[in-house]
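Next up, start.cif (mmCIF, C-alpha atoms):
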```cif
data_work
loop_
_atom_site.label_atom_id
_atom_site.label_comp_id
_atom_site.auth_asym_id
_atom_site.auth_seq_id
_atom_site.Cartn_x
_atom_site.Cartn_y
_atom_site.Cartn_z
CA MET A 1 30.11 0.40 -4.70
CA ALA A 2 27.04 1.16 -6.81
CA MET A 3 23.76 -0.13 -5.45
CA ALA A 4 21.58 -2.48 -7.45
CA PRO A 5 18.39 -0.89 -8.83
CA ASN A 6 16.24 -2.68 -6.24
CA ALA A 7 18.51 -1.99 -3.27
CA PRO A 8 16.80 0.18 -0.64
CA GLY A 9 17.96 3.74 -1.08
CA ALA A 10 18.92 3.34 -4.75
CA ILE A 11 17.23 6.09 -6.76
CA THR A 12 15.48 5.08 -9.96
CA ALA A 13 12.76 6.54 -12.16
CA GLY A 14 10.57 3.67 -11.02
CA PRO A 15 9.19 0.83 -13.13
CA ASP A 16 7.69 1.77 -16.48
CA LEU A 17 4.33 0.61 -17.80
CA GLU A 18 5.86 -2.33 -19.69
CA THR A 19 7.54 -3.56 -16.50
CA ILE A 20 4.26 -3.19 -14.62
CA ARG A 21 2.39 -5.19 -17.25
CA ALA A 22 5.05 -7.91 -16.98
CA ALA A 23 4.52 -7.93 -13.21
CA HIS A 24 0.78 -8.28 -13.80
CA ARG A 25 1.35 -11.38 -15.93
CA ARG A 26 3.75 -12.80 -13.34
CA ILE A 27 1.37 -12.49 -10.40
CA ALA A 28 -1.93 -13.19 -12.18
CA PRO A 29 -1.94 -16.95 -11.44
CA HIS A 30 -1.61 -16.28 -7.71
CA ILE A 31 -3.83 -13.31 -6.84
CA HIS A 32 -7.47 -12.30 -7.18
CA ARG A 33 -8.58 -9.84 -9.82
CA THR A 34 -10.63 -7.94 -7.28
CA PRO A 35 -14.00 -6.42 -8.18
CA VAL A 36 -14.67 -2.75 -8.88
CA MET A 37 -17.80 -1.77 -6.99
CA THR A 38 -20.07 1.27 -6.98
CA SER A 39 -22.52 2.82 -4.52
CA ALA A 40 -25.46 5.00 -5.47
CA SER A 41 -25.58 6.27 -1.88
CA LEU A 42 -21.97 7.43 -1.86
CA ASP A 43 -22.34 8.89 -5.35
CA ALA A 44 -25.26 10.99 -4.09
CA MET A 45 -23.27 12.14 -1.05
CA THR A 46 -20.28 13.26 -3.13
CA GLY A 47 -21.89 14.32 -6.41
CA ALA A 48 -19.44 12.10 -8.28
CA GLN A 49 -19.36 8.68 -9.91
CA LEU A 50 -17.21 6.60 -7.58
CA TYR A 51 -15.53 3.32 -8.51
CA PHE A 52 -14.03 1.32 -5.65
CA LYS A 53 -11.23 -1.16 -6.37
CA CYS A 54 -11.82 -3.69 -3.59
CA GLU A 55 -8.38 -4.82 -2.48
CA ASN A 56 -9.95 -5.56 0.90
CA LEU A 57 -11.20 -8.69 -0.91
CA GLN A 58 -7.70 -9.57 -2.11
CA LYS A 59 -5.74 -12.58 -0.84
CA THR A 60 -4.26 -11.75 2.59
CA GLY A 61 -6.87 -8.98 2.77
CA SER A 62 -4.85 -6.22 1.11
CA PHE A 63 -3.12 -5.03 -2.06
CA LYS A 64 0.25 -5.91 -0.52
CA ILE A 65 0.16 -9.45 -1.91
CA ARG A 66 0.63 -7.97 -5.38
CA GLY A 67 4.01 -6.42 -4.66
CA ALA A 68 5.23 -9.24 -2.44
CA THR A 69 4.36 -11.87 -5.04
CA ASN A 70 6.05 -9.94 -7.83
CA ALA A 71 9.21 -9.38 -5.78
CA ILE A 72 9.50 -12.96 -4.52
CA PHE A 73 8.73 -14.60 -7.86
CA SER A 74 11.26 -12.27 -9.51
CA LEU A 75 14.09 -13.67 -7.38
CA ARG A 76 16.71 -15.84 -9.02
CA GLN A 77 16.77 -19.38 -7.71
CA GLU A 78 20.06 -18.86 -5.90
CA GLU A 79 18.53 -15.85 -4.13
CA ALA A 80 15.25 -17.58 -3.31
CA ARG A 81 16.88 -20.57 -1.64
CA ARG A 82 18.34 -18.21 1.00
CA GLY A 83 14.83 -17.13 2.01
CA VAL A 84 13.48 -13.63 2.45
CA VAL A 85 13.17 -11.11 5.26
CA THR A 86 11.04 -8.01 5.69
CA HIS A 87 9.90 -5.56 8.33
CA SER A 88 6.28 -4.53 8.52
CA SER A 89 3.46 -3.73 10.94
CA GLY A 90 1.12 -6.16 9.25
CA ASN A 91 -0.23 -6.28 5.71
CA HIS A 92 3.11 -6.46 3.90
CA ALA A 93 4.32 -8.94 6.50
CA ALA A 94 1.42 -11.27 5.80
CA ALA A 95 1.86 -10.87 2.04
CA VAL A 96 5.56 -11.76 2.16
CA ALA A 97 4.85 -14.77 4.37
CA LEU A 98 2.23 -16.13 1.95
CA ALA A 99 4.16 -15.39 -1.25
CA ALA A 100 7.21 -17.09 0.26
CA ARG A 101 5.09 -20.12 1.12
CA TRP A 102 3.87 -20.24 -2.49
CA ARG A 103 7.48 -20.28 -3.68
CA GLY A 104 8.47 -22.81 -1.02
CA ILE A 105 11.02 -20.69 0.81
CA ARG A 106 11.46 -19.37 4.35
CA ALA A 107 10.27 -15.91 5.38
CA TRP A 108 11.61 -14.05 8.42
CA ILE A 109 9.25 -11.24 9.44
CA VAL A 110 10.25 -8.36 11.72
CA MET A 111 7.19 -6.81 13.37
CA PRO A 112 6.91 -3.97 15.89
CA SER A 113 5.77 -5.00 19.33
CA ASN A 114 2.58 -2.93 18.94
CA ALA A 115 1.46 -4.56 15.68
CA PRO A 116 -2.27 -5.43 15.71
CA GLU A 117 -2.97 -8.92 16.98
CA ALA A 118 -5.04 -9.81 13.93
CA LYS A 119 -2.09 -9.03 11.68
CA ARG A 120 0.34 -11.00 13.85
CA LYS A 121 -1.93 -14.04 13.66
CA ALA A 122 -2.17 -13.74 9.88
CA VAL A 123 1.63 -13.78 9.53
CA GLU A 124 1.84 -16.87 11.72
CA ALA A 125 -0.93 -18.59 9.76
CA TYR A 126 0.97 -18.07 6.50
CA GLY A 127 4.15 -19.55 7.96
CA GLY A 128 6.15 -16.39 8.60
CA GLU A 129 8.81 -16.58 11.35
CA ILE A 130 8.21 -13.48 13.47
CA THR A 131 10.82 -11.50 15.37
CA PHE A 132 9.43 -8.61 17.39
CA CYS A 133 11.22 -5.30 17.82
CA GLU A 134 10.64 -1.86 19.29
CA PRO A 135 8.00 0.15 17.40
CA ASN A 136 10.28 2.44 15.41
CA LEU A 137 11.93 2.34 12.00
CA ALA A 138 15.47 2.14 13.31
CA ALA A 139 14.66 -0.97 15.34
CA ARG A 140 12.92 -2.60 12.38
CA GLU A 141 15.86 -1.99 10.07
CA THR A 142 18.48 -3.05 12.62
CA THR A 143 16.64 -6.28 13.43
CA ALA A 144 16.17 -7.12 9.75
CA ALA A 145 19.85 -6.42 9.07
CA GLU A 146 20.87 -8.82 11.83
CA ILE A 147 18.66 -11.56 10.38
CA ILE A 148 20.25 -10.97 6.97
CA ARG A 149 23.71 -11.22 8.56
CA GLN A 150 22.83 -14.51 10.24
CA THR A 151 20.91 -16.18 7.40
CA GLY A 152 21.81 -14.49 4.12
CA ALA A 153 18.10 -13.88 3.47
CA VAL A 154 17.08 -11.41 0.76
CA LEU A 155 15.39 -8.20 1.91
CA ILE A 156 11.91 -7.59 0.50
CA HIS A 157 11.40 -3.97 1.50
CA PRO A 158 7.79 -2.86 2.06
CA PHE A 159 8.00 -0.08 -0.55
CA ASP A 160 11.59 0.93 -1.40
CA ASP A 161 11.88 -1.57 -4.26
CA ASP A 162 10.89 -1.26 -7.93
CA ARG A 163 9.56 -4.82 -7.92
CA ILE A 164 7.22 -3.97 -5.05
CA ILE A 165 6.08 -0.76 -6.75
CA ALA A 166 5.42 -2.62 -10.01
CA GLY A 167 3.34 -5.22 -8.24
CA GLN A 168 1.28 -2.68 -6.33
CA ALA A 169 0.71 -0.77 -9.58
CA THR A 170 -1.24 -3.68 -11.03
CA ALA A 171 -4.28 -2.71 -8.95
CA ALA A 172 -4.42 0.59 -10.86
CA VAL A 173 -4.02 -1.26 -14.17
CA GLU A 174 -7.14 -3.28 -13.40
CA LEU A 175 -9.07 -0.27 -12.11
CA LEU A 176 -8.33 1.85 -15.18
CA GLU A 177 -9.21 -1.02 -17.50
CA HIS A 178 -12.62 -0.90 -15.82
CA VAL A 179 -12.88 2.92 -15.78
CA PRO A 180 -10.60 4.17 -18.59
CA ALA A 181 -12.12 7.67 -18.51
CA ALA A 182 -11.49 8.30 -14.81
CA ASP A 183 -10.87 11.95 -13.93
CA PHE A 184 -9.41 11.28 -10.46
CA ILE A 185 -7.70 8.32 -8.82
CA LEU A 186 -7.18 8.16 -5.04
CA THR A 187 -5.04 5.90 -2.86
CA PRO A 188 -3.78 6.04 0.72
CA VAL A 189 -0.11 6.96 1.14
CA SER A 190 2.37 5.72 3.71
CA GLY A 191 5.76 4.61 2.39
CA GLY A 192 4.48 5.46 -1.07
CA GLY A 193 4.67 2.13 -2.90
CA LEU A 194 0.98 1.96 -3.82
CA LEU A 195 0.71 5.65 -4.68
CA SER A 196 3.94 5.56 -6.74
CA GLY A 197 2.78 2.59 -8.78
CA THR A 198 -0.70 4.03 -9.19
CA ALA A 199 0.71 7.36 -10.39
CA ILE A 200 2.99 5.69 -12.96
CA VAL A 201 0.09 3.69 -14.41
CA ALA A 202 -2.41 6.54 -14.29
CA LYS A 203 -0.20 9.14 -15.94
CA SER A 204 0.98 6.62 -18.57
CA LEU A 205 -2.56 5.63 -19.56
CA ARG A 206 -4.35 8.95 -18.98
CA PRO A 207 -2.00 11.93 -18.63
CA ALA A 208 -4.76 14.36 -17.65
CA ILE A 209 -5.96 12.28 -14.69
CA HIS A 210 -5.65 13.88 -11.23
CA VAL A 211 -3.65 11.57 -8.95
CA VAL A 212 -4.34 12.12 -5.25
CA GLY A 213 -2.58 10.64 -2.25
CA CYS A 214 -4.66 10.52 0.93
CA GLU A 215 -3.02 10.72 4.33
CA PRO A 216 -4.01 11.01 8.00
CA LYS A 217 -3.43 14.46 9.46
CA ASN A 218 -1.80 12.65 12.39
CA ALA A 219 0.77 11.03 10.07
CA ASP A 220 1.32 13.73 7.45
CA ASP A 221 4.93 13.26 6.44
CA ALA A 222 4.15 12.80 2.72
CA TYR A 223 2.14 16.04 2.69
CA ARG A 224 4.95 17.92 4.42
CA SER A 225 7.63 16.31 2.26
CA LEU A 226 6.03 17.30 -1.04
CA ALA A 227 5.40 20.82 0.27
CA ALA A 228 9.00 21.18 1.42
CA GLY A 229 10.64 19.59 -1.62
CA HIS A 230 12.58 17.10 0.50
CA ILE A 231 11.71 14.19 2.76
CA GLU A 232 10.34 15.29 6.12
CA PRO A 233 10.55 12.63 8.84
CA MET A 234 7.48 11.25 10.58
CA GLU A 235 6.93 13.35 13.69
CA ASN A 236 3.63 11.92 14.90
CA SER A 237 2.10 8.62 13.89
CA SER A 238 -0.70 8.45 16.45
CA THR A 239 -3.31 7.51 13.87
CA ILE A 240 -5.96 4.82 13.87
CA ALA A 241 -4.77 4.01 10.33
CA ASP A 242 -2.02 1.67 11.56
CA GLY A 243 -0.99 0.70 8.03
CA LEU A 244 0.02 4.30 7.23
CA ARG A 245 2.77 4.91 9.77
CA ALA A 246 5.79 4.54 7.49
CA SER A 247 7.77 7.40 5.95
CA LEU A 248 8.63 7.88 2.28
CA ALA A 249 11.87 6.58 0.80
CA GLU A 250 13.92 8.62 -1.67
CA ARG A 251 12.72 6.27 -4.42
CA THR A 252 9.02 6.77 -3.75
CA PHE A 253 9.43 10.46 -2.94
CA ALA A 254 11.01 11.08 -6.35
CA ILE A 255 8.11 9.38 -8.13
CA LEU A 256 5.49 11.23 -6.08
CA ARG A 257 7.13 14.61 -6.75
CA ARG A 258 7.06 13.92 -10.47
CA LEU A 259 3.61 12.41 -10.93
CA VAL A 260 1.25 13.05 -8.00
CA ASN A 261 -0.99 16.10 -8.22
CA GLN A 262 -1.67 16.53 -4.52
CA ILE A 263 -1.78 15.00 -1.06
CA VAL A 264 -4.98 15.58 0.91
CA LEU A 265 -5.19 15.20 4.69
CA VAL A 266 -8.04 13.77 6.76
CA THR A 267 -8.74 13.78 10.49
CA GLU A 268 -9.16 10.77 12.73
CA GLU A 269 -12.87 11.52 13.00
CA GLU A 270 -13.20 11.60 9.21
CA ILE A 271 -11.37 8.27 8.91
CA VAL A 272 -13.65 6.57 11.44
CA ALA A 273 -16.77 8.02 9.81
CA ALA A 274 -15.67 6.82 6.35
CA THR A 275 -14.87 3.34 7.68
CA ARG A 276 -18.29 3.02 9.21
CA LEU A 277 -20.15 4.42 6.22
CA VAL A 278 -18.54 1.96 3.79
CA TRP A 279 -19.41 -0.89 6.17
CA GLU A 280 -23.02 0.31 6.46
CA ARG A 281 -23.77 1.36 2.88
CA MET A 282 -21.58 -0.97 0.81
CA LYS A 283 -21.40 -3.93 3.21
CA LEU A 284 -17.63 -3.95 2.74
CA VAL A 285 -15.26 -4.54 5.64
CA ILE A 286 -12.42 -2.08 5.15
CA GLU A 287 -9.73 -1.07 7.61
CA PRO A 288 -9.15 2.56 8.61
CA SER A 289 -6.10 2.79 6.34
CA ALA A 290 -8.35 2.06 3.36
CA ALA A 291 -10.98 4.53 4.57
CA VAL A 292 -8.34 7.27 4.36
CA ALA A 293 -8.89 7.27 0.58
CA VAL A 294 -12.66 7.57 0.99
CA ALA A 295 -12.72 10.25 3.69
CA PRO A 296 -11.68 13.22 1.48
CA LEU A 297 -14.61 12.55 -0.83
CA LEU A 298 -17.16 12.39 1.96
CA ALA A 299 -15.68 15.53 3.53
CA HIS A 300 -15.86 17.36 0.17
CA LYS A 301 -12.15 18.15 0.11
CA LEU A 302 -11.75 17.60 -3.64
CA PRO A 303 -13.56 19.16 -6.65
CA VAL A 304 -15.06 15.89 -7.89
CA GLU A 305 -18.67 16.90 -8.59
CA GLY A 306 -19.75 15.37 -11.90
CA LYS A 307 -16.43 13.51 -12.26
CA LYS A 308 -15.48 9.85 -12.45
CA VAL A 309 -13.33 8.90 -9.47
CA GLY A 310 -11.38 5.70 -8.91
CA VAL A 311 -10.62 4.77 -5.30
CA ILE A 312 -8.33 1.94 -4.25
CA LEU A 313 -9.64 0.37 -1.04
CA SER A 314 -6.28 -0.85 0.13
CA GLY A 315 -7.26 -3.49 2.69
CA GLY A 316 -9.70 -4.98 5.14
CA ASN A 317 -7.57 -6.29 7.99
CA LEU A 318 -8.48 -5.08 11.45
CA ASP A 319 -9.25 -6.47 14.86
CA LEU A 320 -12.99 -7.12 14.90
CA ALA A 321 -12.92 -7.13 18.70
CA ARG A 322 -11.71 -3.49 18.69
CA LEU A 323 -13.76 -1.72 16.05
CA PRO A 324 -12.98 2.01 15.73
CA PHE A 325 -16.66 2.94 15.85
CA ALA A 326 -17.79 0.49 18.54
#
```

Take the structure in the file and give it back as structure tokens.
Amino acid sequence: MAMAPNAPGAITAGPDLETIRAAHRRIAPHIHRTPVMTSASLDAMTGAQLYFKCENLQKTGSFKIRGATNAIFSLRQEEARRGVVTHSSGNHAAAVALAARWRGIRAWIVMPSNAPEAKRKAVEAYGGEITFCEPNLAARETTAAEIIRQTGAVLIHPFDDDRIIAGQATAAVELLEHVPAADFILTPVSGGGLLSGTAIVAKSLRPAIHVVGCEPKNADDAYRSLAAGHIEPMENSSTIADGLRASLAERTFAILRRLVNQIVLVTEEEIVAATRLVWERMKLVIEPSAAVAVAPLLAHKLPVEGKKVGVILSGGNLDLARLPFA
């Protein structure tokens, strides 16, 4: 049996720019158009003109609400009435819970037992029905499949879904409307939904732009996968960037191979330093996963001197009682 285009594992070319613009119109009544901010201090440190797309100020505290809202509001009524299910360590979980509440449907959320407490509480606050599982992908997928068997709920995958990719891509649409002449655009990479959508938008609007995925050295499966030409499994996810512990899907891997110029790795120390610096200099609360896209610039790992650089600050959800630099 052929899989539907949005079924996890189904390979597609990804959403095109027209589909992404339609997603933008669909979600616009529900989300924030987050600000693009600059910092003279960080410009001086990097020698570049930096433009930060502040998805840490987005509803639910991350870009994930974009994809979740697009996916859930794209469901047919007969699908929506069955409710939705997802598996996530936090930001996508919260986004699905809130978007489902907006549509008036149930949301079953599978979370690993080691998910940050702040992210668990957010899911509960938005009305998500949490089921905990062991902290590995197999357990997440098995638990979600059992919920689907029992309830008939529709799976909203964190990244292996064109509707999710299209929604996440809308952050890049807004950023490049603000900085149409950007030379570089940087995002964190985990499962690849944000980077895939960003790359589609960036290369459609500005083919010469350099699209960079940023990844912790301690969770470098995207880097290894693109180098090898096939998906390499996650071997070590002991990173402070808890939102970047997923592995690529065939769908996102195919898009990244086609459109992303490079993946750059950063150390745990560089992530913590970038997190703290953005807090201190820009007065922006970002989580370590977001700082992963700032760290390569501060560590001078990219040739950005004199260039315009867009950076998507992916989120600001972390446990304030356990700051990484405390």

*Would you kindly translate the PyMOL selection byres ((chain A and resi 48) around 12) into the concrete residues it picks from this file, as a PyMOL selection string?*
chain A and resi 38-47+49-51+182-184+297-298+300+302-311

*asked:* Taking the file as I've supplied it (selection: the PyMOL selection byres ((chain A and resi 278) around 12)), which residues are included? Please answer as number ranges by chain.
replied: A: 37-42, 52, 54, 56, 271-277, 279-288, 290-295, 298, 313, 316

Take the residues from that selection and write them out as a short mmCIF file (atom, residue, chain, number, x, y, z; two decimals), in the frame of the given file, keeping C-alpha atoms.
```
data_model
loop_
_atom_site.label_atom_id
_atom_site.label_comp_id
_atom_site.auth_asym_id
_atom_site.auth_seq_id
_atom_site.Cartn_x
_atom_site.Cartn_y
_atom_site.Cartn_z
CA MET A 37 -17.80 -1.77 -6.99
CA THR A 38 -20.07 1.27 -6.98
CA SER A 39 -22.52 2.82 -4.52
CA ALA A 40 -25.46 5.00 -5.47
CA SER A 41 -25.58 6.27 -1.88
CA LEU A 42 -21.97 7.43 -1.86
CA PHE A 52 -14.03 1.32 -5.65
CA CYS A 54 -11.82 -3.69 -3.59
CA ASN A 56 -9.95 -5.56 0.90
CA ILE A 271 -11.37 8.27 8.91
CA VAL A 272 -13.65 6.57 11.44
CA ALA A 273 -16.77 8.02 9.81
CA ALA A 274 -15.67 6.82 6.35
CA THR A 275 -14.87 3.34 7.68
CA ARG A 276 -18.29 3.02 9.21
CA LEU A 277 -20.15 4.42 6.22
CA TRP A 279 -19.41 -0.89 6.17
CA GLU A 280 -23.02 0.31 6.46
CA ARG A 281 -23.77 1.36 2.88
CA MET A 282 -21.58 -0.97 0.81
CA LYS A 283 -21.40 -3.93 3.21
CA LEU A 284 -17.63 -3.95 2.74
CA VAL A 285 -15.26 -4.54 5.64
CA ILE A 286 -12.42 -2.08 5.15
CA GLU A 287 -9.73 -1.07 7.61
CA PRO A 288 -9.15 2.56 8.61
CA ALA A 290 -8.35 2.06 3.36
CA ALA A 291 -10.98 4.53 4.57
CA VAL A 292 -8.34 7.27 4.36
CA ALA A 293 -8.89 7.27 0.58
CA VAL A 294 -12.66 7.57 0.99
CA ALA A 295 -12.72 10.25 3.69
CA LEU A 298 -17.16 12.39 1.96
CA LEU A 313 -9.64 0.37 -1.04
CA GLY A 316 -9.70 -4.98 5.14
#
```

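Going from CA of His230 (chain A) over to CA of Ala254 (chain A), you cover 9.3 Å.
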
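CA of Thr69 (chain A) to CA of Pro158 (chain A) spans 12.0 Å [interatomic distance, one decimal].
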
*Expand the PyMOL selection byres ((chain A and resi 155) around 8) into the individual residues it matches in the shown file, reporting them as a PyMOL selection string.*
chain A and resi 84-86+144+148+153-154+156-157

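Ranking A:Val179, A:Ala122, A:Val173, A:Val211 by their shortest atom-to-atom distance to Arg25 (chain A), with only C-alpha atoms included, puts A:Val173 first.
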
*Could you please give me, as a ChimeraX atom specification, the residues of protein, DNA or RNA lying at most 12 Å from (1.7, -20.1, 10.4) in the coordinate frame of the file, considering only C-alpha atoms?*
/A:94,97-98,100-101,106-109,119-130

*Best match for closeness to Thr34 (chain A) among A:Gly104, A:Gly61, A:Gly167, A:Gly67, counting only C-alpha atoms*: A:Gly61

_Contact residues around region 213-225 of chain A with only C-alpha atoms at 9 Å, ignoring same-chain residues under 3 positions, as an MDAnalysis selection string_ = chainID A and resid 185:192 195 228:241 244:248 253 256 260:268 271 289 292:296

*asked:* From the options A:Ala326, A:Ile209, A:Ala118, A:Ala93, which residue's atoms come nearest to Phe63 (chain A), counting all atoms listed in the file?
replied: A:Ala93

*Which residues come within 7 Å of Cys133 (chain A), counting only C-alpha atoms, excluding same-chain residues fewer than 3 positions away, as a list in words?*
Val110, Met111, Pro112, Ser113, Ala139 and Arg140 of chain A

*asked:* Let me make sure I understand: among A:Ile105, A:Ala202, A:Ala95, A:Ala115, which one has the smallest atom-to-atom distance to Asp319 (chain A) if we use only C-alpha atoms?
replied: A:Ala115
